[in-house]
Protein chains: 2
Amino acid sequence: MHLVSRSSIIALVVRDSIRILQGQGYKATKPRKLVLEVLEETEKPLSPYDIKGILRARGKYLNHVTIYRILDLLCSLNLAHKMLSSGGFVKCSLDAIEGCHRFMVCQHCGAIREFADKELCQEENDFAQDFGFHTEYHLSEFSGLCSQCYRK
Amino acid sequence: MHLVSRSSIIALVVRDSIRILQGQGYKATKPRKLVLEVLEETEKPLSPYDIKGILRARGKYLNHVTIYRILDLLCSLNLAHKMLSSGGFVKCSLDAIEGCHRFMVCQHCGAIREFADKELCQEENDFAQDFGFHTEYHLSEFSGLCSQCYRK
DNA sequence: TAGCTAATTGCAATATTATTGCATTTAGTT
DNA sequence: AACTAAATGCAATAATATTGCAATTAGCTA
């Protein structure tokens, strides 16, 4: 039961991200909106050329250089992340805890989900601290099966 | 105070890794020993071409294709890992817990260290389980400053 | 709303990284 | 020493990433 449509959620999240960009002095350009939309819709790690292909299939053309630069920007602002497993990029959830990003990647359907957990995050930081290591940010990637794929 | 020399430790670790390879039916070839040595000595994430360069500087030549294939093999056996931050490869410590690898990467000196912690690992898996996610393995990467670089 | 300007994008050229099929070599065995 | 499957090297190619500069555009300002 959905109270709001998927597409309206996407539009909302994209708008939020754009607002963050603007808040940092970056412009709300068409290419940036397009890349954010694709990342938000797809929910799977995408390479720059994946994104280019998806957009082209919709009749939208973006130069690959532009996509590289947009992804760099999004990552620098923690609005996107580069995944280890695939090398692809994913959109971060906006409520992710600063400096701590935890992803689960389903080996079967490829879907990724991001989770924020303050406690676990703190514990990990403490753990590092015990080794005299001062953590700036950390990234955790789980690989396995999501609940739906596990049942099959 | 070192009771054993650094180089003898490296030799030992390399030999252990080679033994694991042989145990799985893979041959103990010169190129594989060379790549393992470099990874073990360097303690920093290295790209295939980094490895090629280091070896060439020592008068050893390996084709880059060979290095790619060796790194693939090592990763598939959990003897090496590809790091998120740099995309470079690092040697895994042999005592790392099955399915759970935790690295700390110093942003200043670039050194990486792997840590195994059964409890933290279990906690993370439980956390995933709560979301209905069944973890096959996970990888955690801390980025920050090591104790030495922090003091400066 | 037109015009201005810095930021952003597109383009072309190039560099870097990765992959493939096949001939040659080598480790581990007999 | 000879054999054989496995591993490496080579050449060609594909895919991915980067750079400098010209053209365009978003967000201002008048």
# chains A, B, ... in the order shown; residues from 1 in each chain; ligands from 1
$ calpha_fit_and_write --fixed "chain B" --moving "chain A" --output "tab-separated table (two decimals) with N, CA and C atoms, in the first residue's frame"
chain	number	residue	atom	x	y	z
A	1	MET	N	62.43	-3.16	19.18
A	1	MET	CA	63.23	-4.39	19.33
A	1	MET	C	62.61	-5.52	18.49
A	2	HIS	N	63.32	-5.94	17.47
A	2	HIS	CA	62.81	-7.00	16.62
A	2	HIS	C	63.57	-8.28	16.88
A	3	LEU	N	62.84	-9.32	17.13
A	3	LEU	CA	63.48	-10.62	17.33
A	3	LEU	C	63.75	-11.28	15.98
A	4	VAL	N	62.86	-10.99	15.02
A	4	VAL	CA	63.08	-11.51	13.67
A	4	VAL	C	63.08	-10.33	12.71
A	5	SER	N	63.81	-10.46	11.63
A	5	SER	CA	63.90	-9.36	10.68
A	5	SER	C	62.61	-9.25	9.87
A	6	ARG	N	62.37	-8.04	9.40
A	6	ARG	CA	61.19	-7.77	8.57
A	6	ARG	C	61.17	-8.68	7.35
A	7	SER	N	62.34	-8.82	6.71
A	7	SER	CA	62.38	-9.61	5.47
A	7	SER	C	62.07	-11.08	5.73
A	8	SER	N	62.43	-11.55	6.91
A	8	SER	CA	62.15	-12.97	7.15
A	8	SER	C	60.67	-13.18	7.43
A	9	ILE	N	60.05	-12.14	8.00
A	9	ILE	CA	58.60	-12.23	8.20
A	9	ILE	C	57.89	-12.26	6.86
A	10	ILE	N	58.35	-11.39	5.96
A	10	ILE	CA	57.75	-11.35	4.62
A	10	ILE	C	57.86	-12.71	3.96
A	11	ALA	N	59.07	-13.25	4.01
A	11	ALA	CA	59.28	-14.56	3.39
A	11	ALA	C	58.33	-15.60	3.95
A	12	LEU	N	58.12	-15.49	5.27
A	12	LEU	CA	57.25	-16.45	5.95
A	12	LEU	C	55.81	-16.34	5.48
A	13	VAL	N	55.32	-15.10	5.46
A	13	VAL	CA	53.94	-14.87	5.07
A	13	VAL	C	53.72	-15.27	3.62
A	14	VAL	N	54.69	-14.95	2.77
A	14	VAL	CA	54.57	-15.33	1.37
A	14	VAL	C	54.48	-16.84	1.24
A	15	ARG	N	55.33	-17.51	2.01
A	15	ARG	CA	55.32	-18.97	1.95
A	15	ARG	C	53.97	-19.54	2.40
A	16	ASP	N	53.42	-18.94	3.44
A	16	ASP	CA	52.10	-19.38	3.91
A	16	ASP	C	51.05	-19.23	2.81
A	17	SER	N	51.08	-18.07	2.14
A	17	SER	CA	50.10	-17.82	1.09
A	17	SER	C	50.26	-18.81	-0.05
A	18	ILE	N	51.51	-19.06	-0.39
A	18	ILE	CA	51.79	-20.01	-1.46
A	18	ILE	C	51.26	-21.39	-1.09
A	19	ARG	N	51.40	-21.72	0.16
A	19	ARG	CA	50.91	-23.03	0.62
A	19	ARG	C	49.39	-23.12	0.47
A	20	ILE	N	48.74	-22.01	0.77
A	20	ILE	CA	47.28	-21.98	0.60
A	20	ILE	C	46.91	-22.16	-0.86
A	21	LEU	N	47.64	-21.48	-1.73
A	21	LEU	CA	47.40	-21.64	-3.16
A	21	LEU	C	47.54	-23.09	-3.56
A	22	GLN	N	48.65	-23.69	-3.14
A	22	GLN	CA	48.90	-25.08	-3.52
A	22	GLN	C	47.84	-26.01	-2.95
A	23	GLY	N	47.41	-25.69	-1.76
A	23	GLY	CA	46.36	-26.50	-1.13
A	23	GLY	C	45.08	-26.53	-1.96
A	24	GLN	N	44.88	-25.47	-2.73
A	24	GLN	CA	43.68	-25.39	-3.57
A	24	GLN	C	43.97	-25.88	-4.99
A	25	GLY	N	45.16	-26.42	-5.18
A	25	GLY	CA	45.48	-26.97	-6.49
A	25	GLY	C	46.13	-25.99	-7.45
A	26	TYR	N	46.51	-24.80	-6.94
A	26	TYR	CA	47.18	-23.83	-7.82
A	26	TYR	C	48.69	-23.98	-7.68
A	27	LYS	N	49.38	-23.67	-8.75
A	27	LYS	CA	50.83	-23.85	-8.74
A	27	LYS	C	51.56	-22.69	-8.08
A	28	ALA	N	52.70	-23.04	-7.51
A	28	ALA	CA	53.54	-22.03	-6.86
A	28	ALA	C	54.51	-21.46	-7.89
A	29	THR	N	54.02	-20.55	-8.70
A	29	THR	CA	54.86	-20.03	-9.78
A	29	THR	C	55.65	-18.81	-9.33
A	30	LYS	N	56.68	-18.48	-10.11
A	30	LYS	CA	57.51	-17.31	-9.82
A	30	LYS	C	56.69	-16.03	-9.83
A	31	PRO	N	55.89	-15.79	-10.87
A	31	PRO	CA	55.08	-14.56	-10.88
A	31	PRO	C	54.20	-14.42	-9.64
A	32	ARG	N	53.60	-15.48	-9.20
A	32	ARG	CA	52.74	-15.42	-8.02
A	32	ARG	C	53.53	-15.06	-6.77
A	33	LYS	N	54.73	-15.66	-6.66
A	33	LYS	CA	55.56	-15.32	-5.50
A	33	LYS	C	55.95	-13.86	-5.53
A	34	LEU	N	56.31	-13.38	-6.70
A	34	LEU	CA	56.74	-11.97	-6.83
A	34	LEU	C	55.62	-11.02	-6.43
A	35	VAL	N	54.42	-11.28	-6.92
A	35	VAL	CA	53.30	-10.39	-6.61
A	35	VAL	C	53.00	-10.43	-5.11
A	36	LEU	N	53.01	-11.60	-4.53
A	36	LEU	CA	52.77	-11.73	-3.09
A	36	LEU	C	53.83	-10.97	-2.30
A	37	GLU	N	55.08	-11.11	-2.69
A	37	GLU	CA	56.17	-10.39	-2.01
A	37	GLU	C	55.94	-8.89	-2.03
A	38	VAL	N	55.66	-8.37	-3.20
A	38	VAL	CA	55.47	-6.92	-3.33
A	38	VAL	C	54.31	-6.46	-2.46
A	39	LEU	N	53.22	-7.17	-2.51
A	39	LEU	CA	52.06	-6.79	-1.70
A	39	LEU	C	52.40	-6.81	-0.22
A	40	GLU	N	53.10	-7.85	0.20
A	40	GLU	CA	53.42	-8.00	1.61
A	40	GLU	C	54.39	-6.93	2.09
A	41	GLU	N	55.38	-6.63	1.28
A	41	GLU	CA	56.37	-5.62	1.65
A	41	GLU	C	55.78	-4.22	1.73
A	42	THR	N	54.98	-3.92	0.74
A	42	THR	CA	54.60	-2.54	0.53
A	42	THR	C	53.59	-2.03	1.55
A	43	GLU	N	52.65	-2.88	1.95
A	43	GLU	CA	51.67	-2.50	2.97
A	43	GLU	C	50.81	-1.31	2.58
A	44	LYS	N	50.74	-1.03	1.30
A	44	LYS	CA	49.86	0.03	0.81
A	44	LYS	C	49.11	-0.51	-0.38
A	45	PRO	N	47.94	0.05	-0.64
A	45	PRO	CA	47.17	-0.42	-1.80
A	45	PRO	C	47.97	-0.18	-3.08
A	46	LEU	N	48.05	-1.18	-3.91
A	46	LEU	CA	48.80	-1.08	-5.17
A	46	LEU	C	47.93	-1.49	-6.35
A	47	SER	N	48.00	-0.72	-7.41
A	47	SER	CA	47.30	-1.10	-8.63
A	47	SER	C	48.15	-2.12	-9.38
A	48	PRO	N	47.54	-2.85	-10.32
A	48	PRO	CA	48.31	-3.81	-11.11
A	48	PRO	C	49.55	-3.16	-11.74
A	49	TYR	N	49.38	-1.93	-12.22
A	49	TYR	CA	50.51	-1.27	-12.86
A	49	TYR	C	51.54	-0.77	-11.84
A	50	ASP	N	51.10	-0.46	-10.63
A	50	ASP	CA	52.05	-0.15	-9.56
A	50	ASP	C	52.97	-1.34	-9.35
A	51	ILE	N	52.36	-2.50	-9.24
A	51	ILE	CA	53.11	-3.72	-8.99
A	51	ILE	C	54.09	-3.98	-10.12
A	52	LYS	N	53.59	-3.81	-11.34
A	52	LYS	CA	54.46	-3.98	-12.51
A	52	LYS	C	55.67	-3.06	-12.42
A	53	GLY	N	55.42	-1.79	-12.06
A	53	GLY	CA	56.50	-0.81	-11.96
A	53	GLY	C	57.51	-1.15	-10.89
A	54	ILE	N	57.03	-1.55	-9.73
A	54	ILE	CA	57.92	-1.90	-8.63
A	54	ILE	C	58.84	-3.06	-9.02
A	55	LEU	N	58.23	-4.05	-9.65
A	55	LEU	CA	59.03	-5.22	-10.06
A	55	LEU	C	60.04	-4.85	-11.15
A	56	ARG	N	59.60	-4.03	-12.08
A	56	ARG	CA	60.50	-3.65	-13.17
A	56	ARG	C	61.72	-2.93	-12.61
A	57	ALA	N	61.47	-2.09	-11.58
A	57	ALA	CA	62.58	-1.36	-10.96
A	57	ALA	C	63.59	-2.31	-10.32
A	58	ARG	N	63.16	-3.52	-10.08
A	58	ARG	CA	64.07	-4.53	-9.51
A	58	ARG	C	64.61	-5.47	-10.57
A	59	GLY	N	64.31	-5.11	-11.81
A	59	GLY	CA	64.80	-5.93	-12.90
A	59	GLY	C	63.98	-7.17	-13.17
A	60	LYS	N	62.78	-7.24	-12.55
A	60	LYS	CA	61.91	-8.39	-12.79
A	60	LYS	C	60.77	-7.94	-13.71
A	61	TYR	N	60.55	-8.67	-14.75
A	61	TYR	CA	59.48	-8.30	-15.65
A	61	TYR	C	58.28	-9.24	-15.56
A	62	LEU	N	57.11	-8.65	-15.35
A	62	LEU	CA	55.85	-9.41	-15.44
A	62	LEU	C	54.90	-8.66	-16.35
A	63	ASN	N	54.27	-9.40	-17.23
A	63	ASN	CA	53.25	-8.83	-18.10
A	63	ASN	C	52.06	-8.40	-17.25
A	64	HIS	N	51.45	-7.27	-17.65
A	64	HIS	CA	50.34	-6.77	-16.83
A	64	HIS	C	49.17	-7.74	-16.80
A	65	VAL	N	48.98	-8.46	-17.88
A	65	VAL	CA	47.87	-9.42	-17.90
A	65	VAL	C	48.06	-10.47	-16.81
A	66	THR	N	49.29	-10.90	-16.68
A	66	THR	CA	49.60	-11.89	-15.64
A	66	THR	C	49.28	-11.33	-14.27
A	67	ILE	N	49.64	-10.09	-14.05
A	67	ILE	CA	49.39	-9.47	-12.74
A	67	ILE	C	47.89	-9.37	-12.48
A	68	TYR	N	47.14	-8.98	-13.49
A	68	TYR	CA	45.67	-8.94	-13.33
A	68	TYR	C	45.14	-10.30	-12.91
A	69	ARG	N	45.61	-11.32	-13.60
A	69	ARG	CA	45.09	-12.65	-13.30
A	69	ARG	C	45.49	-13.13	-11.92
A	70	ILE	N	46.71	-12.82	-11.52
A	70	ILE	CA	47.16	-13.22	-10.18
A	70	ILE	C	46.33	-12.51	-9.12
A	71	LEU	N	46.09	-11.22	-9.31
A	71	LEU	CA	45.31	-10.48	-8.32
A	71	LEU	C	43.88	-11.00	-8.24
A	72	ASP	N	43.32	-11.34	-9.39
A	72	ASP	CA	41.98	-11.95	-9.40
A	72	ASP	C	41.97	-13.21	-8.55
A	73	LEU	N	42.98	-14.03	-8.78
A	73	LEU	CA	43.07	-15.29	-8.05
A	73	LEU	C	43.20	-15.04	-6.55
A	74	LEU	N	44.12	-14.17	-6.19
A	74	LEU	CA	44.36	-13.89	-4.76
A	74	LEU	C	43.08	-13.37	-4.10
A	75	CYS	N	42.36	-12.51	-4.81
A	75	CYS	CA	41.13	-11.97	-4.24
A	75	CYS	C	40.08	-13.06	-4.07
A	76	SER	N	40.01	-13.94	-5.05
A	76	SER	CA	39.00	-14.99	-4.98
A	76	SER	C	39.26	-15.91	-3.80
A	77	LEU	N	40.51	-15.99	-3.38
A	77	LEU	CA	40.88	-16.85	-2.24
A	77	LEU	C	40.99	-16.05	-0.94
A	78	ASN	N	40.61	-14.77	-1.02
A	78	ASN	CA	40.69	-13.89	0.15
A	78	ASN	C	42.12	-13.71	0.66
A	79	LEU	N	43.06	-13.84	-0.23
A	79	LEU	CA	44.45	-13.59	0.15
A	79	LEU	C	44.80	-12.13	-0.13
A	80	ALA	N	43.96	-11.47	-0.91
A	80	ALA	CA	44.15	-10.05	-1.17
A	80	ALA	C	42.77	-9.41	-1.26
A	81	HIS	N	42.76	-8.10	-1.21
A	81	HIS	CA	41.51	-7.35	-1.29
A	81	HIS	C	41.71	-6.10	-2.11
A	82	LYS	N	40.65	-5.71	-2.77
A	82	LYS	CA	40.68	-4.45	-3.52
A	82	LYS	C	40.09	-3.37	-2.61
A	83	MET	N	40.84	-2.33	-2.39
A	83	MET	CA	40.37	-1.27	-1.50
A	83	MET	C	39.46	-0.30	-2.23
A	84	LEU	N	38.52	0.23	-1.46
A	84	LEU	CA	37.58	1.17	-2.05
A	84	LEU	C	38.25	2.49	-2.35
A	85	SER	N	38.92	3.02	-1.35
A	85	SER	CA	39.42	4.39	-1.44
A	85	SER	C	40.31	4.61	-2.66
A	86	SER	N	41.17	3.67	-2.90
A	86	SER	CA	42.16	3.88	-3.94
A	86	SER	C	41.96	2.98	-5.15
A	87	GLY	N	41.20	1.93	-4.97
A	87	GLY	CA	41.08	0.96	-6.05
A	87	GLY	C	42.26	0.01	-6.08
A	88	GLY	N	43.22	0.23	-5.17
A	88	GLY	CA	44.40	-0.61	-5.15
A	88	GLY	C	44.19	-1.92	-4.40
A	89	PHE	N	45.13	-2.81	-4.58
A	89	PHE	CA	45.02	-4.12	-3.93
A	89	PHE	C	45.95	-4.20	-2.72
A	90	VAL	N	45.51	-4.91	-1.71
A	90	VAL	CA	46.34	-5.15	-0.53
A	90	VAL	C	46.30	-6.62	-0.17
A	91	LYS	N	47.35	-7.02	0.50
A	91	LYS	CA	47.44	-8.39	1.00
A	91	LYS	C	46.60	-8.49	2.27
A	92	CYS	N	45.83	-9.56	2.38
A	92	CYS	CA	45.05	-9.75	3.61
A	92	CYS	C	45.90	-10.46	4.65
A	93	SER	N	45.62	-10.13	5.91
A	93	SER	CA	46.31	-10.91	6.94
A	93	SER	C	45.65	-12.27	7.00
A	94	LEU	N	46.46	-13.24	7.28
A	94	LEU	CA	45.98	-14.62	7.19
A	94	LEU	C	45.03	-14.97	8.32
A	95	ASP	N	45.11	-14.19	9.39
A	95	ASP	CA	44.24	-14.53	10.51
A	95	ASP	C	42.90	-13.79	10.43
A	96	ALA	N	42.65	-13.13	9.30
A	96	ALA	CA	41.38	-12.42	9.16
A	96	ALA	C	40.23	-13.41	9.25
A	97	ILE	N	39.20	-12.96	9.94
A	97	ILE	CA	38.05	-13.83	10.09
A	97	ILE	C	37.38	-14.07	8.75
A	98	GLU	N	37.04	-15.29	8.54
A	98	GLU	CA	36.39	-15.69	7.29
A	98	GLU	C	35.17	-14.79	7.01
A	99	GLY	N	35.19	-14.19	5.85
A	99	GLY	CA	34.02	-13.42	5.44
A	99	GLY	C	33.93	-12.02	6.01
A	100	CYS	N	34.92	-11.61	6.79
A	100	CYS	CA	34.85	-10.28	7.39
A	100	CYS	C	36.21	-9.61	7.37
A	101	HIS	N	36.34	-8.57	6.61
A	101	HIS	CA	37.63	-7.90	6.50
A	101	HIS	C	37.49	-6.42	6.83
A	102	ARG	N	38.31	-5.99	7.75
A	102	ARG	CA	38.24	-4.64	8.27
A	102	ARG	C	39.60	-3.96	8.09
A	103	PHE	N	39.60	-2.87	7.34
A	103	PHE	CA	40.86	-2.19	7.04
A	103	PHE	C	40.85	-0.76	7.56
A	104	MET	N	42.02	-0.32	7.97
A	104	MET	CA	42.19	1.07	8.32
A	104	MET	C	43.23	1.65	7.37
A	105	VAL	N	42.87	2.73	6.75
A	105	VAL	CA	43.75	3.36	5.76
A	105	VAL	C	44.13	4.75	6.25
A	106	CYS	N	45.40	4.99	6.40
A	106	CYS	CA	45.85	6.31	6.85
A	106	CYS	C	45.86	7.28	5.67
A	107	GLN	N	45.13	8.37	5.84
A	107	GLN	CA	45.04	9.36	4.77
A	107	GLN	C	46.37	10.07	4.55
A	108	HIS	N	47.21	10.03	5.56
A	108	HIS	CA	48.46	10.77	5.45
A	108	HIS	C	49.60	9.93	4.86
A	109	CYS	N	49.87	8.81	5.48
A	109	CYS	CA	51.00	8.01	5.01
A	109	CYS	C	50.57	6.89	4.06
A	110	GLY	N	49.26	6.69	3.95
A	110	GLY	CA	48.78	5.70	2.98
A	110	GLY	C	48.83	4.27	3.47
A	111	ALA	N	49.42	4.06	4.62
A	111	ALA	CA	49.56	2.69	5.11
A	111	ALA	C	48.19	2.07	5.42
A	112	ILE	N	48.06	0.81	5.19
A	112	ILE	CA	46.83	0.12	5.54
A	112	ILE	C	47.14	-0.97	6.56
A	113	ARG	N	46.17	-1.22	7.42
A	113	ARG	CA	46.29	-2.34	8.35
A	113	ARG	C	44.97	-3.07	8.37
A	114	GLU	N	45.04	-4.37	8.48
A	114	GLU	CA	43.82	-5.15	8.55
A	114	GLU	C	43.63	-5.64	9.98
A	115	PHE	N	42.37	-5.62	10.42
A	115	PHE	CA	42.06	-6.06	11.77
A	115	PHE	C	40.93	-7.06	11.73
A	116	ALA	N	41.06	-8.05	12.56
A	116	ALA	CA	40.00	-9.02	12.68
A	116	ALA	C	39.37	-8.87	14.06
A	117	ASP	N	38.06	-8.81	14.09
A	117	ASP	CA	37.40	-8.73	15.39
A	117	ASP	C	36.10	-9.51	15.32
A	118	LYS	N	36.12	-10.63	15.97
A	118	LYS	CA	35.01	-11.57	15.86
A	118	LYS	C	33.71	-10.96	16.39
A	119	GLU	N	33.81	-10.28	17.50
A	119	GLU	CA	32.60	-9.70	18.11
A	119	GLU	C	31.94	-8.67	17.23
A	120	LEU	N	32.75	-7.72	16.78
A	120	LEU	CA	32.23	-6.65	15.94
A	120	LEU	C	31.63	-7.25	14.66
A	121	CYS	N	32.31	-8.26	14.17
A	121	CYS	CA	31.86	-8.94	12.96
A	121	CYS	C	30.48	-9.55	13.18
A	122	GLN	N	30.33	-10.22	14.31
A	122	GLN	CA	29.07	-10.86	14.65
A	122	GLN	C	27.96	-9.82	14.79
A	123	GLU	N	28.30	-8.74	15.45
A	123	GLU	CA	27.33	-7.66	15.65
A	123	GLU	C	26.81	-7.11	14.33
A	124	GLU	N	27.75	-6.94	13.41
A	124	GLU	CA	27.37	-6.42	12.10
A	124	GLU	C	26.45	-7.40	11.37
A	125	ASN	N	26.80	-8.66	11.49
A	125	ASN	CA	25.95	-9.67	10.86
A	125	ASN	C	24.54	-9.66	11.45
A	126	ASP	N	24.48	-9.54	12.76
A	126	ASP	CA	23.18	-9.50	13.43
A	126	ASP	C	22.38	-8.29	12.96
A	127	PHE	N	23.07	-7.18	12.84
A	127	PHE	CA	22.44	-5.95	12.39
A	127	PHE	C	21.80	-6.15	11.01
A	128	ALA	N	22.55	-6.75	10.12
A	128	ALA	CA	22.04	-7.00	8.77
A	128	ALA	C	20.86	-7.95	8.82
A	129	GLN	N	21.02	-8.96	9.64
A	129	GLN	CA	19.97	-9.96	9.80
A	129	GLN	C	18.64	-9.32	10.20
A	130	ASP	N	18.72	-8.31	11.06
A	130	ASP	CA	17.51	-7.60	11.50
A	130	ASP	C	16.75	-6.99	10.34
A	131	PHE	N	17.46	-6.73	9.26
A	131	PHE	CA	16.80	-6.17	8.07
A	131	PHE	C	16.46	-7.28	7.08
A	132	GLY	N	16.56	-8.50	7.54
A	132	GLY	CA	16.25	-9.63	6.67
A	132	GLY	C	17.34	-9.91	5.65
A	133	PHE	N	18.50	-9.33	5.89
A	133	PHE	CA	19.58	-9.50	4.94
A	133	PHE	C	20.52	-10.61	5.40
A	134	HIS	N	20.84	-11.53	4.50
A	134	HIS	CA	21.72	-12.64	4.85
A	134	HIS	C	23.11	-12.39	4.30
A	135	THR	N	24.03	-12.10	5.20
A	135	THR	CA	25.37	-11.67	4.80
A	135	THR	C	26.26	-12.84	4.45
A	136	GLU	N	26.89	-12.71	3.28
A	136	GLU	CA	27.85	-13.71	2.83
A	136	GLU	C	29.24	-13.32	3.35
A	137	TYR	N	29.60	-12.07	3.09
A	137	TYR	CA	30.84	-11.54	3.67
A	137	TYR	C	30.68	-10.05	3.78
A	138	HIS	N	31.48	-9.45	4.59
A	138	HIS	CA	31.47	-8.01	4.59
A	138	HIS	C	32.83	-7.40	4.79
A	139	LEU	N	32.88	-6.16	4.38
A	139	LEU	CA	34.11	-5.45	4.19
A	139	LEU	C	33.92	-4.08	4.80
A	140	SER	N	34.86	-3.67	5.61
A	140	SER	CA	34.72	-2.39	6.28
A	140	SER	C	36.02	-1.62	6.12
A	141	GLU	N	35.89	-0.38	5.69
A	141	GLU	CA	37.09	0.42	5.44
A	141	GLU	C	37.02	1.72	6.23
A	142	PHE	N	38.02	1.90	7.08
A	142	PHE	CA	38.11	3.13	7.86
A	142	PHE	C	39.12	4.04	7.20
A	143	SER	N	38.78	5.29	7.10
A	143	SER	CA	39.73	6.25	6.57
A	143	SER	C	40.00	7.29	7.64
A	144	GLY	N	41.25	7.59	7.90
A	144	GLY	CA	41.57	8.57	8.94
A	144	GLY	C	43.07	8.68	9.11
A	145	LEU	N	43.50	8.84	10.35
A	145	LEU	CA	44.93	8.98	10.61
A	145	LEU	C	45.42	7.90	11.55
A	146	CYS	N	46.52	7.28	11.19
A	146	CYS	CA	47.11	6.27	12.07
A	146	CYS	C	47.76	6.98	13.25
A	147	SER	N	48.08	6.21	14.27
A	147	SER	CA	48.57	6.82	15.52
A	147	SER	C	49.80	7.69	15.28
A	148	GLN	N	50.70	7.20	14.43
A	148	GLN	CA	51.92	7.97	14.18
A	148	GLN	C	51.65	9.29	13.48
A	149	CYS	N	50.82	9.25	12.45
A	149	CYS	CA	50.56	10.48	11.70
A	149	CYS	C	49.70	11.45	12.52
A	150	TYR	N	48.89	10.91	13.39
A	150	TYR	CA	48.01	11.77	14.21
A	150	TYR	C	48.82	12.65	15.13
A	151	ARG	N	49.90	12.10	15.68
A	151	ARG	CA	50.73	12.83	16.64
A	151	ARG	C	51.41	14.05	16.03
A	152	LYS	N	51.67	13.96	14.72
A	152	LYS	CA	52.41	15.06	14.07
A	152	LYS	C	51.54	16.31	13.92
$ interface_residues --of "chain D" --to "chain A" --cutoff "10 Å" --atoms "only C-alpha atoms (C1' of nucleotides)" --output "list of chain:residue names"
D:DA15, D:DT16, D:DA17, D:DT18, D:DT25, D:DA26, D:DG27
$ write_last_selection --atoms "N, CA and C atoms (P, O5', C5', C4', C3', O3' and C1' of nucleotides)" --output "mmCIF file, in the first residue's frame"
data_model
loop_
_atom_site.group_PDB
_atom_site.id
_atom_site.type_symbol
_atom_site.label_atom_id
_atom_site.label_comp_id
_atom_site.auth_asym_id
_atom_site.auth_seq_id
_atom_site.Cartn_x
_atom_site.Cartn_y
_atom_site.Cartn_z
ATOM 1 P P DA D 15 33.952 -2.725 -25.379
ATOM 2 O "O5'" DA D 15 34.407 -2.027 -24.023
ATOM 3 C "C5'" DA D 15 34.916 -2.839 -22.977
ATOM 4 C "C4'" DA D 15 35.500 -1.942 -21.923
ATOM 5 C "C3'" DA D 15 34.571 -0.798 -21.499
ATOM 6 O "O3'" DA D 15 34.430 -0.932 -20.103
ATOM 7 C "C1'" DA D 15 36.766 0.001 -21.938
ATOM 8 P P DT D 16 33.526 0.081 -19.249
ATOM 9 O "O5'" DT D 16 34.616 1.108 -18.726
ATOM 10 C "C5'" DT D 16 35.692 0.618 -17.934
ATOM 11 C "C4'" DT D 16 36.622 1.747 -17.634
ATOM 12 C "C3'" DT D 16 35.948 2.988 -17.032
ATOM 13 O "O3'" DT D 16 36.596 3.205 -15.797
ATOM 14 C "C1'" DT D 16 37.456 3.590 -18.741
ATOM 15 P P DA D 17 36.166 4.436 -14.855
ATOM 16 O "O5'" DA D 17 37.227 5.549 -15.252
ATOM 17 C "C5'" DA D 17 38.592 5.279 -15.090
ATOM 18 C "C4'" DA D 17 39.407 6.484 -15.525
ATOM 19 C "C3'" DA D 17 38.898 7.823 -14.968
ATOM 20 O "O3'" DA D 17 39.975 8.381 -14.236
ATOM 21 C "C1'" DA D 17 39.341 7.975 -17.299
ATOM 22 P P DT D 18 39.916 9.865 -13.647
ATOM 23 O "O5'" DT D 18 40.632 10.717 -14.779
ATOM 24 C "C5'" DT D 18 41.940 10.351 -15.173
ATOM 25 C "C4'" DT D 18 42.547 11.424 -16.044
ATOM 26 C "C3'" DT D 18 42.299 12.861 -15.563
ATOM 27 O "O3'" DT D 18 43.539 13.535 -15.633
ATOM 28 C "C1'" DT D 18 41.627 12.638 -17.813
ATOM 29 P P DT D 25 22.697 25.938 -23.780
ATOM 30 O "O5'" DT D 25 22.820 26.275 -22.237
ATOM 31 C "C5'" DT D 25 23.321 25.279 -21.352
ATOM 32 C "C4'" DT D 25 23.365 25.839 -19.955
ATOM 33 C "C3'" DT D 25 22.100 26.573 -19.520
ATOM 34 O "O3'" DT D 25 21.853 26.219 -18.183
ATOM 35 C "C1'" DT D 25 23.951 27.960 -19.196
ATOM 36 P P DA D 26 20.346 26.168 -17.611
ATOM 37 O "O5'" DA D 26 20.601 26.566 -16.091
ATOM 38 C "C5'" DA D 26 21.644 25.919 -15.384
ATOM 39 C "C4'" DA D 26 22.081 26.766 -14.198
ATOM 40 C "C3'" DA D 26 20.940 27.356 -13.383
ATOM 41 O "O3'" DA D 26 21.314 27.267 -12.018
ATOM 42 C "C1'" DA D 26 22.260 29.118 -14.316
ATOM 43 P P DG D 27 20.344 27.705 -10.869
ATOM 44 O "O5'" DG D 27 20.843 29.179 -10.571
ATOM 45 C "C5'" DG D 27 22.171 29.357 -10.088
ATOM 46 C "C4'" DG D 27 22.447 30.832 -9.932
ATOM 47 C "C3'" DG D 27 21.369 31.611 -9.169
ATOM 48 O "O3'" DG D 27 22.054 32.526 -8.318
ATOM 49 C "C1'" DG D 27 21.725 32.609 -11.255
#
$ interface_residues --of "chain C" --to "chain B" --cutoff "12 Å" --atoms "only C-alpha atoms (C1' of nucleotides)" --output "list in words"
DT16, DT17, DA18, DT19, DT20, DT25, DT26, DA27 and DG28 of chain C
$ atom_distance --atom1 "C1' of DT29 in chain C" --atom2 "C1' of DA6 in chain D"
12.5 Å
$ select_by_dssp --residues "range 20-142 of chain A" --states "helix (DSSP H, G or I)" --output "MDAnalysis selection string"
chainID A and resid 20:23 30:42 48:57 64:76 118:130
$ atom_distance --atom1 "C1' of DT29 in chain D" --atom2 "C1' of DG10 in chain C"
27.8 Å
$ residues_around --residues "DA22 in chain D" --least-positions-apart "6" --cutoff "12 Å" --atoms "only C-alpha atoms (C1' of nucleotides)" --output "number ranges by chain"
C: 9-12
